[in-house]
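Quick notes on the structure that follows.
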Amino acid sequence: MSSGALIFQSVVLGVLLGGLYALLASGLTLYFGIMRVVMIAHSAFLILAAYLAWWSHTRLGVDPLLSLVVTVPLFFGAGVLLQRLLLSRLRPATLTMMSVLLTFAIAVVIEGLLGYAFTGTQRRIQLGYGAANLELFGARIAVVKLIAFGLAAVALLTLYLLLKKTTFGWSLRATIQHRDAARLVGIDTDRVAGYGFGIGLATAAVGGTALALDTTIYPSLHWHWIGPLMAIIVVGGLGSVPGAAAAAMLLGLTQSLLQIPLNTTWAQTIFYLALFATLAFRPQGFFGGRLAQRF
Amino acid sequence: MPSASDLTRTAVRPGFTPGRVARGVLLVALVAAVASFPSLAPNPYILSAGIVVLNYALLSTSWNFVGGFTGYISLGHGALAGLGAYGTGLLVTRAGVPSFLALVIAALAVAALAVPIGYAALRVRGASFVIVSIALVLVLLLVFQSWASFTGGSRGLTVPRPFPDLLRPEHHRVFWFLFAGLLAVALLAWWLIDRSRFGLGLKAIREDEDKAESLGIPTFAYKLVVFVVSAGFTAAAGGLYALWFGDLDPVFQFSILTGSYMVLMALLGGVRTLFGPLLGALVVGTALEYFKVEYGNTPLHLVATGLLLALVVLFMPDGVLPALAAGLDRFRPAQQSIREVTAAELREQRERDAASPELAGASPGAPSTKERP
């Protein structure tokens with residue numbers, strides 16, 4: 001394969017990966033916007049969804065995409081309960097710090113339970129169309145990666161329309177912008193915040209299914225995801241959904257291109273370099289607004 | 001936290017109060033227990049388990065410089081300990097530096113490295129600090145696993161023992177006292193900062209960073225200095241562990257779990273108290289060692305750690321010691337807080353005082369402003 005085709009292939013793969021990053025990072029951004037919560041457990045729920053997709057495929061024999069019908073409502077409910085029953089109990093003064101610990105604890109519990117239920121063995125879904133490839137200008141793109149990207153794109157578009165076009169989306173954005181003012185104009189901010197968490201966790205359900213299609217999964221995999229995702233939301237500016245999406249695309253693309261000269265592990269360090277550089281030189285991120293200044 | 005009323009109380013009654021005597025007795029008992037443990041330990045295994053617990057106590061006390069004073073929760077201190085351990089190990093094996101000199105150099109180097117890390121992490125408020133602390137663990141794990149030619153990678157790094165002619169039980173005994181000595185230094189440093197103006201400024205940051213800044217406290221510089229101090233102690237603990245244990249593996253040295261144990265221990269014991277992290281380490285560290293012996297390494301470790309952390313965060317965020325102190329307070333004569341007196345009661349009291357002026361001087365001039373948890 002010529003090097004031009006190699007670079008082109010990397011660009012395509014980077015965009016496909018960036019789409020998944022963008023979806024997951026937008027979930028993280030939602031939590032942060034609503035409650036100033038850094039949700040460490042986001043990627044643990046991602047891996048949980050991936051395991052559910054794998055389990056439904058191997059045990060029940062259904063296509064992993066069908067597991068979405070169950071996992072999305074399930075995760076939405078879990079997100080609402082998480083916000084209403086646990087996070088809203090924390091003291092407002094120490095909310096950011098304590099919520100990190102609480103969601104960290106949840107992540108560790110999920111990892112432990114996954115390891116207990118499915119052992120630490122690496123799992124992979126064997127699909128009939130798993131090996132299918134698409135030839136595009138000399139680049140070979142796996143069909144499952146396209147499906148994963150399609151899922152992420154549809155979910156992101158739905159999220160965008162939900163936030164911009166529906167009354168609920170308006171009240172959610174009002175809650176994010178100014179909670180007290182939102183309450184003054186008659187928005188039930190507690191309920192909206194709960195639903196917002198549910199939507200954030202639903203993005204993890206979609207992302208997990210997309211991830212399970214073409215990735216080998218194991219219980220401690222979530223640590224490999226939370227780091228890049230947190231770097232993305234900081235680079236994008238905490239609390240800014242378009243910023244997170246742009247940073248996700250950019251960093252996903254960079255990671256994919258860096259995999260040509262470096263190996264996979266070293267290429268992943270780009271996220272942490274970007275994180276440290278952003279905080280050192282532009283702590284509010286590159287797309288962040290007023291909110292990011294203070295965090 | 002000492003408040004103005006505490007100061008006046010001690011000024012009124014100098015010398016030996018019952019509280020001070022009790023504290024002194026407890027301190028002597030603690031020192032005696034630490035000094036006699038190596039002779040009392042029935043076998044070398046118990047002694048080595050004790051060293052592990054002592055190491056946890058040292059780590060969580062070092063963590064508490066940042067977590068306790070400023071309220072900034074770091075989940076990445078495990079990485080600083082790992083850097084100290086690898087720094088010491090690499091200096092001994094690659095450069096042939098004498099063991100304890102290597103430990104000092106490594107601790108200082110990590111403290112120096114903490115300056116740029118802290119610069120990036122502390123310029124903005126809490127959320128970014130947590131993110132950086134976790135990212136630090138993850139990136140160092142990647143680097144130390146991948147850079148196998150220098151660090152030994154996943155095969156690990158063997159650190160030669162500093163006292164090659166000592167037998168294993170003797171070796172444990174020496175390191176017990178080394179760990180205890182370093183812990184005493186860390187506790188002393190924490191105590192000194194606690195009583196200083198610097199410590200007051202840090203605690204003001206914890207209570208309300210905006211107000212602290214408006215009062216003229218250089219918040220960024222204070223946070224950075226205490227972070228560097230904390231990193232130095234943590235790295236020294238890691239280096240001592242490397243010399244004692246002699247075998248380093250990136251998976252364990254740069255584990256996010258180590259950092260979360262430190263947080264759990266400090267929170268459980270009480271981050272605002274000097275001996276809180278030590279107590280927490282005693283409870284959690286002993287439990288960890290016990291579970292390791294009884295059940296081996298199962299994923300249920302993670303579940304238990306996570307559940308305990310969640311329970312502490314939800315129901316006891318100030319720790320066991322303050323919760324116990326609050327429990328004891330119930331048996332004492334009620335200390336009235338200004339908030340517990342209604343305006344009506346206050347008027348009644350004033351009228352009574354006005355009616356009997358000779359008693360007015362006896363009632364406390366200023367209501368106690370003791371902080372309520």
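Residues are referred to by chain and number: the chain letter is A, B, ... according to the order shown in the structure tokens, the number counts from 1 in that chain, and ligands are numbered separately from 1 in the order shown.
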Taking only C-alpha atoms into account and nothing else, which residues of chain B lie no more than 7 Å away from chain A? Please answer as a PyMOL selection string.
chain B and resi 73+119-121+124-128+131+135+138-139+142+299-300+302-303+306-307+309-310+313-314
DSSP helix (DSSP H, G or I) residues within range 135-262 of chain A, as a PyMOL selection string:
chain A and resi 143-165+167-177+179-184+189-214+219-236+241-258
Create the file for the chosen residues now, containing C-alpha atoms and written as a compact mmCIF listing (two decimals), in the first residue's frame.
# COMPACT_ATOMS: atom_id res chain seq x y z
CA VAL A 143 -17.89 -2.35 7.74
CA VAL A 144 -18.34 -2.66 11.53
CA LYS A 145 -16.39 0.57 12.02
CA LEU A 146 -18.78 2.29 9.61
CA ILE A 147 -21.75 0.92 11.51
CA ALA A 148 -20.23 2.10 14.80
CA PHE A 149 -19.69 5.55 13.34
CA GLY A 150 -23.21 5.57 11.95
CA LEU A 151 -24.60 4.75 15.38
CA ALA A 152 -22.56 7.51 16.99
CA ALA A 153 -23.56 10.01 14.30
CA VAL A 154 -27.27 9.21 14.59
CA ALA A 155 -27.11 9.45 18.39
CA LEU A 156 -25.25 12.76 18.23
CA LEU A 157 -27.75 14.16 15.72
CA THR A 158 -30.64 13.04 17.93
CA LEU A 159 -29.00 14.69 20.91
CA TYR A 160 -28.47 17.89 18.94
CA LEU A 161 -32.08 18.02 17.77
CA LEU A 162 -33.29 17.19 21.28
CA LEU A 163 -31.31 20.03 22.79
CA LYS A 164 -32.10 22.60 20.12
CA LYS A 165 -35.64 21.87 18.99
CA THR A 167 -39.08 22.25 24.93
CA PHE A 168 -37.27 19.77 27.13
CA GLY A 169 -34.00 20.63 25.39
CA TRP A 170 -34.57 24.31 26.03
CA SER A 171 -35.26 23.75 29.70
CA LEU A 172 -32.19 21.51 29.94
CA ARG A 173 -30.00 24.18 28.36
CA ALA A 174 -31.56 26.82 30.58
CA THR A 175 -30.74 24.68 33.61
CA ILE A 176 -27.15 24.38 32.42
CA GLN A 177 -26.83 28.12 31.77
CA ARG A 179 -30.04 27.08 37.40
CA ASP A 180 -31.64 29.71 39.61
CA ALA A 181 -32.91 31.73 36.68
CA ALA A 182 -34.30 28.57 35.12
CA ARG A 183 -36.19 27.84 38.31
CA LEU A 184 -37.53 31.39 38.35
CA THR A 189 -34.67 21.99 37.45
CA ASP A 190 -34.34 18.92 39.67
CA ARG A 191 -36.34 16.78 37.29
CA VAL A 192 -34.64 18.24 34.23
CA ALA A 193 -31.24 17.57 35.79
CA GLY A 194 -32.23 13.96 36.44
CA TYR A 195 -33.36 13.48 32.84
CA GLY A 196 -30.19 15.18 31.63
CA PHE A 197 -28.14 12.60 33.49
CA GLY A 198 -30.28 9.88 31.98
CA ILE A 199 -29.54 11.18 28.49
CA GLY A 200 -25.83 11.36 29.26
CA LEU A 201 -25.82 7.76 30.39
CA ALA A 202 -27.85 6.74 27.34
CA THR A 203 -24.97 8.00 25.17
CA ALA A 204 -22.78 5.51 27.04
CA ALA A 205 -25.22 2.73 26.11
CA VAL A 206 -25.06 3.63 22.41
CA GLY A 207 -21.29 4.08 22.56
CA GLY A 208 -20.82 0.76 24.32
CA THR A 209 -22.73 -1.13 21.65
CA ALA A 210 -20.73 0.62 18.94
CA LEU A 211 -17.53 -0.23 20.80
CA ALA A 212 -18.45 -3.90 21.22
CA LEU A 213 -18.80 -4.33 17.45
CA ASP A 214 -15.12 -4.18 16.64
CA PRO A 219 -13.39 -5.26 32.63
CA SER A 220 -10.55 -2.79 33.20
CA LEU A 221 -10.80 -1.37 29.67
CA HIS A 222 -12.72 1.66 30.93
CA TRP A 223 -9.52 3.27 32.24
CA HIS A 224 -8.28 3.47 28.65
CA TRP A 225 -11.37 5.43 27.73
CA ILE A 226 -11.91 7.78 30.65
CA GLY A 227 -8.47 9.38 30.27
CA PRO A 228 -8.90 10.40 26.62
CA LEU A 229 -12.50 11.44 27.24
CA MET A 230 -11.57 13.70 30.14
CA ALA A 231 -8.75 15.18 28.07
CA ILE A 232 -11.27 15.89 25.30
CA ILE A 233 -13.71 17.74 27.53
CA VAL A 234 -10.91 19.86 29.01
CA VAL A 235 -9.41 20.71 25.61
CA GLY A 236 -12.87 21.51 24.28
CA VAL A 241 -20.86 20.34 23.74
CA PRO A 242 -19.68 21.70 20.35
CA GLY A 243 -16.22 22.20 21.87
CA ALA A 244 -16.13 18.61 23.06
CA ALA A 245 -17.22 17.34 19.64
CA ALA A 246 -14.59 19.42 17.83
CA ALA A 247 -11.84 18.39 20.25
CA ALA A 248 -12.92 14.75 19.94
CA MET A 249 -12.64 14.84 16.14
CA LEU A 250 -9.32 16.65 16.22
CA LEU A 251 -7.71 14.41 18.83
CA GLY A 252 -9.16 11.22 17.36
CA LEU A 253 -7.69 12.18 14.00
CA THR A 254 -4.31 13.08 15.53
CA GLN A 255 -4.18 9.80 17.42
CA SER A 256 -4.97 7.85 14.29
CA LEU A 257 -2.30 9.67 12.26
CA LEU A 258 0.31 9.26 15.01
Spatial neighbours of Thr58 in chain A, 12 Å, only C-alpha atoms, chain gap at least 2 places, as an MDAnalysis selection string:
chainID A and resid 51:56 60:64 67 123:127
Those residues you just picked out, can you put them in a file as an mmCIF file, in the first residue's frame with C-alpha atoms?
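Contents of selection_13.cif, as written:
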data_model
loop_
_atom_site.group_PDB
_atom_site.id
_atom_site.type_symbol
_atom_site.label_atom_id
_atom_site.label_comp_id
_atom_site.auth_asym_id
_atom_site.auth_seq_id
_atom_site.Cartn_x
_atom_site.Cartn_y
_atom_site.Cartn_z
ATOM 1 C CA TYR A 51 -20.588 -6.436 27.827
ATOM 2 C CA LEU A 52 -24.378 -6.476 27.610
ATOM 3 C CA ALA A 53 -24.134 -6.342 23.814
ATOM 4 C CA TRP A 54 -21.578 -9.164 23.835
ATOM 5 C CA TRP A 55 -23.692 -11.201 26.260
ATOM 6 C CA SER A 56 -26.868 -10.810 24.252
ATOM 7 C CA LEU A 60 -29.155 -15.074 23.230
ATOM 8 C CA GLY A 61 -27.821 -15.086 19.688
ATOM 9 C CA VAL A 62 -29.287 -11.744 18.706
ATOM 10 C CA ASP A 63 -27.453 -9.046 16.795
ATOM 11 C CA PRO A 64 -25.597 -6.752 19.207
ATOM 12 C CA SER A 67 -29.376 -4.917 22.606
ATOM 13 C CA ARG A 123 -14.102 -11.005 24.911
ATOM 14 C CA ARG A 124 -14.905 -10.232 21.329
ATOM 15 C CA ILE A 125 -18.085 -10.443 19.300
ATOM 16 C CA GLN A 126 -17.764 -12.670 16.241
ATOM 17 C CA LEU A 127 -20.096 -11.242 13.644
#
Compile the contact shell of range 183-194 of chain B as a PyMOL selection string: residues with an atom at most 10 Å away, counting only C-alpha atoms, same-chain residues fewer than 6 positions apart removed.
chain B and resi 1-2+31+54-55+57-59+61-62+64-65+68-69+177+200-203+226+229-230+233-234+237+272-275+278
Could you tell me how far CA of Ser255 in chain B sits from CA of Ser154 in chain B, in Å to one decimal place?
13.3 Å
Work out how far apart CA of Arg195 in chain B and CA of Ala221 in chain B are and give it in Å to one decimal.
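Between CA of Arg195 in chain B and CA of Ala221 in chain B the gap is 18.6 Å.
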Find the residues near Gly276 in chain B: any atom within 10 Å, counting only C-alpha atoms, skip ones fewer than 6 places away on the same chain, and give them as a list of chain:residue names.
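So, after excluding close chain neighbours, the residues are B:Ala57, B:Ser60, B:Thr61, B:Asn64, B:Gly68, B:Met265, B:Ala266, B:Leu267, B:Leu268, B:Gly269, B:Gly270, B:Leu282, B:Asp318, B:Gly319, B:Val320, B:Leu321, B:Pro322.
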Just the selected residues (C-alpha atoms), exported as a short mmCIF file (atom, residue, chain, number, x, y, z; two decimals), in the first residue's frame, please.
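Written output follows (out.cif):
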data_model
loop_
_atom_site.label_atom_id
_atom_site.label_comp_id
_atom_site.auth_asym_id
_atom_site.auth_seq_id
_atom_site.Cartn_x
_atom_site.Cartn_y
_atom_site.Cartn_z
CA ALA B 57 -0.44 5.49 56.69
CA SER B 60 -2.36 8.91 53.12
CA THR B 61 -0.78 11.36 55.55
CA ASN B 64 -3.61 14.80 53.36
CA GLY B 68 -6.95 17.99 54.12
CA MET B 265 -8.13 6.06 54.26
CA ALA B 266 -7.82 9.81 54.76
CA LEU B 267 -11.55 10.41 54.35
CA LEU B 268 -12.49 7.55 56.62
CA GLY B 269 -10.18 8.75 59.39
CA GLY B 270 -10.97 12.42 58.87
CA LEU B 282 -4.94 1.21 60.18
CA ASP B 318 -15.82 14.32 57.46
CA GLY B 319 -14.50 10.99 58.65
CA VAL B 320 -14.77 8.77 61.68
CA LEU B 321 -12.83 10.93 64.14
CA PRO B 322 -15.03 14.03 63.71
#
Phe37 in chain B: which residues within 12 Å, counting only C-alpha atoms, same-chain residues fewer than 4 positions away excluded, as number ranges by chain?
B: 29-33, 41-44, 46-51, 54, 172-173, 176-177, 180
Using C-alpha atoms, can you export the residues from the last selection as a JSON list (two decimals), in the first residue's frame?
[["chain", "number", "residue", "atom", "x", "y", "z"],
["B", 29, "ALA", "CA", 0.77, 5.13, 73.82],
["B", 30, "LEU", "CA", 0.96, 5.46, 70.04],
["B", 31, "VAL", "CA", 4.74, 5.91, 70.09],
["B", 32, "ALA", "CA", 5.12, 2.97, 72.48],
["B", 33, "ALA", "CA", 2.93, 0.78, 70.25],
["B", 41, "ALA", "CA", 4.94, -9.40, 66.06],
["B", 42, "PRO", "CA", 4.69, -13.21, 66.25],
["B", 43, "ASN", "CA", 6.27, -13.85, 62.84],
["B", 44, "PRO", "CA", 7.96, -11.96, 60.00],
["B", 46, "ILE", "CA", 2.84, -10.08, 60.48],
["B", 47, "LEU", "CA", 5.71, -7.62, 60.62],
["B", 48, "SER", "CA", 5.76, -7.23, 56.84],
["B", 49, "ALA", "CA", 1.98, -6.76, 56.81],
["B", 50, "GLY", "CA", 2.48, -4.11, 59.48],
["B", 51, "ILE", "CA", 5.01, -2.37, 57.22],
["B", 54, "LEU", "CA", 2.53, 1.77, 57.89],
["B", 172, "HIS", "CA", 11.79, -5.95, 58.05],
["B", 173, "ARG", "CA", 12.60, -4.62, 61.52],
["B", 176, "TRP", "CA", 9.64, -0.73, 60.13],
["B", 177, "PHE", "CA", 11.56, 1.94, 62.01],
["B", 180, "ALA", "CA", 7.83, 5.01, 61.27]]
Neighbouring residues of Phe245 in chain B were defined as those with any atom within 10 Å, considering only C-alpha atoms; residues of the same chain fewer than 5 positions away were excluded. Please report them as a PyMOL selection string.
chain B and resi 48+52+158-161+172+175+239-240
